[in-house]
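Q: Attaching a single structure in C-alpha cells format; questions to follow.
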Amino acid sequence: MKKKDSLLVELFDELIAFQEKKLLNYAAEIIPNVTSDDILQPNDYDELENHPFFRYEEGVLKGIQTAKMAVLAKLRED
C-alpha cells in the first residue's frame with residue numbers, strides 16, 4: 001500500500017474512533033454504565049433504540065465505516 005493510501009486509511013480509522021467515542025459518551029448520558037458492547041446492539045435498550053439523536057449518530061458511524069470500505073475496495077482495484 002502506498003504511503004498516501006495508508007494515510008487515508010489512518011484518517012478513516014481516526015474518524016471511526018472519534019465517532020465511536022462520541023456515540024458511547026452520548027449513550028452513557030442516556031444509560032449510565034453502558035459499554036461499547038452494549039451500543040453494538042442498541043435494540044436491547046429501548047432508551048437507545050427509540051432515541052433519534054443516538055440513532056442519527058449511529059448512522060454517521062455506519063456511514064464513515066461504509067466509506068472506508070469503499071475506499072479500501074477502490075485502492076485494491078488500482
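By order in the C-alpha cells, chains are A, B, ...; within a chain, residues start at 1; ligands start at 1, following the order shown.
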Would you mind writing down, as a PyMOL selection string, each residue of chain A that DSSP on the backbone assigns to alpha helix (DSSP H)?
A: chain A and resi 3-30+46-49+52-77
Q: Would you kindly return, as a PyMOL selection string, each protein, DNA or RNA residue with an atom no farther than 9 Å from any atom of Pro42 in chain A, considering only C-alpha atoms and excluding same-chain residues fewer than 6 positions away?
A: chain A and resi 48-49+55
Q: For Leu61 in chain A, which residue among A:Asp37, A:Asp44, A:Asp13, A:Asp5 is the nearest when counting only C-alpha atoms?
A: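 Among the listed residues, A:Asp13 lies closest to Leu61 in chain A.
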Q: Between CA of Ile39 in chain A and CA of Glu58 in chain A, what is the distance in Å, rounded to a tenth?
A: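 Separation between CA of Ile39 in chain A and CA of Glu58 in chain A: 8.9 Å.
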Q: Between A:Thr66, A:Ala27, A:Glu14, A:Asp78, which one has atoms that come closest to Gln41 in chain A, using only C-alpha atoms?
A: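 Among the listed residues, the smallest separation from Gln41 in chain A belongs to A:Ala27.
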Q: Given only C-alpha atoms as the basis, pick out the residue of A:Asp46, A:Glu77, A:Val9, A:Phe54 nearest to Leu24 in chain A.
A: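 Result for the nearest residue to Leu24 in chain A: A:Phe54.
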Q: Which of these, A:Leu72, A:Val34, A:Ile64, A:Ala28, has the shortest distance to Leu7 in chain A once you count only C-alpha atoms?
A: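 Among A:Leu72, A:Val34, A:Ile64, A:Ala28, it is A:Leu72 that comes nearest to Leu7 in chain A.
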Q: Mind pulling up the distance from CA of Lys22 in chain A to CA of Asp38 in chain A?
A: 14.3 Å
Q: Would you please work out which residue, of A:Ser36, A:Gln19, A:Leu75, A:Asn25, is nearest to Gly63 in chain A when using only C-alpha atoms?
A: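 The shortest atom-to-atom distance to Gly63 in chain A comes from A:Gln19.
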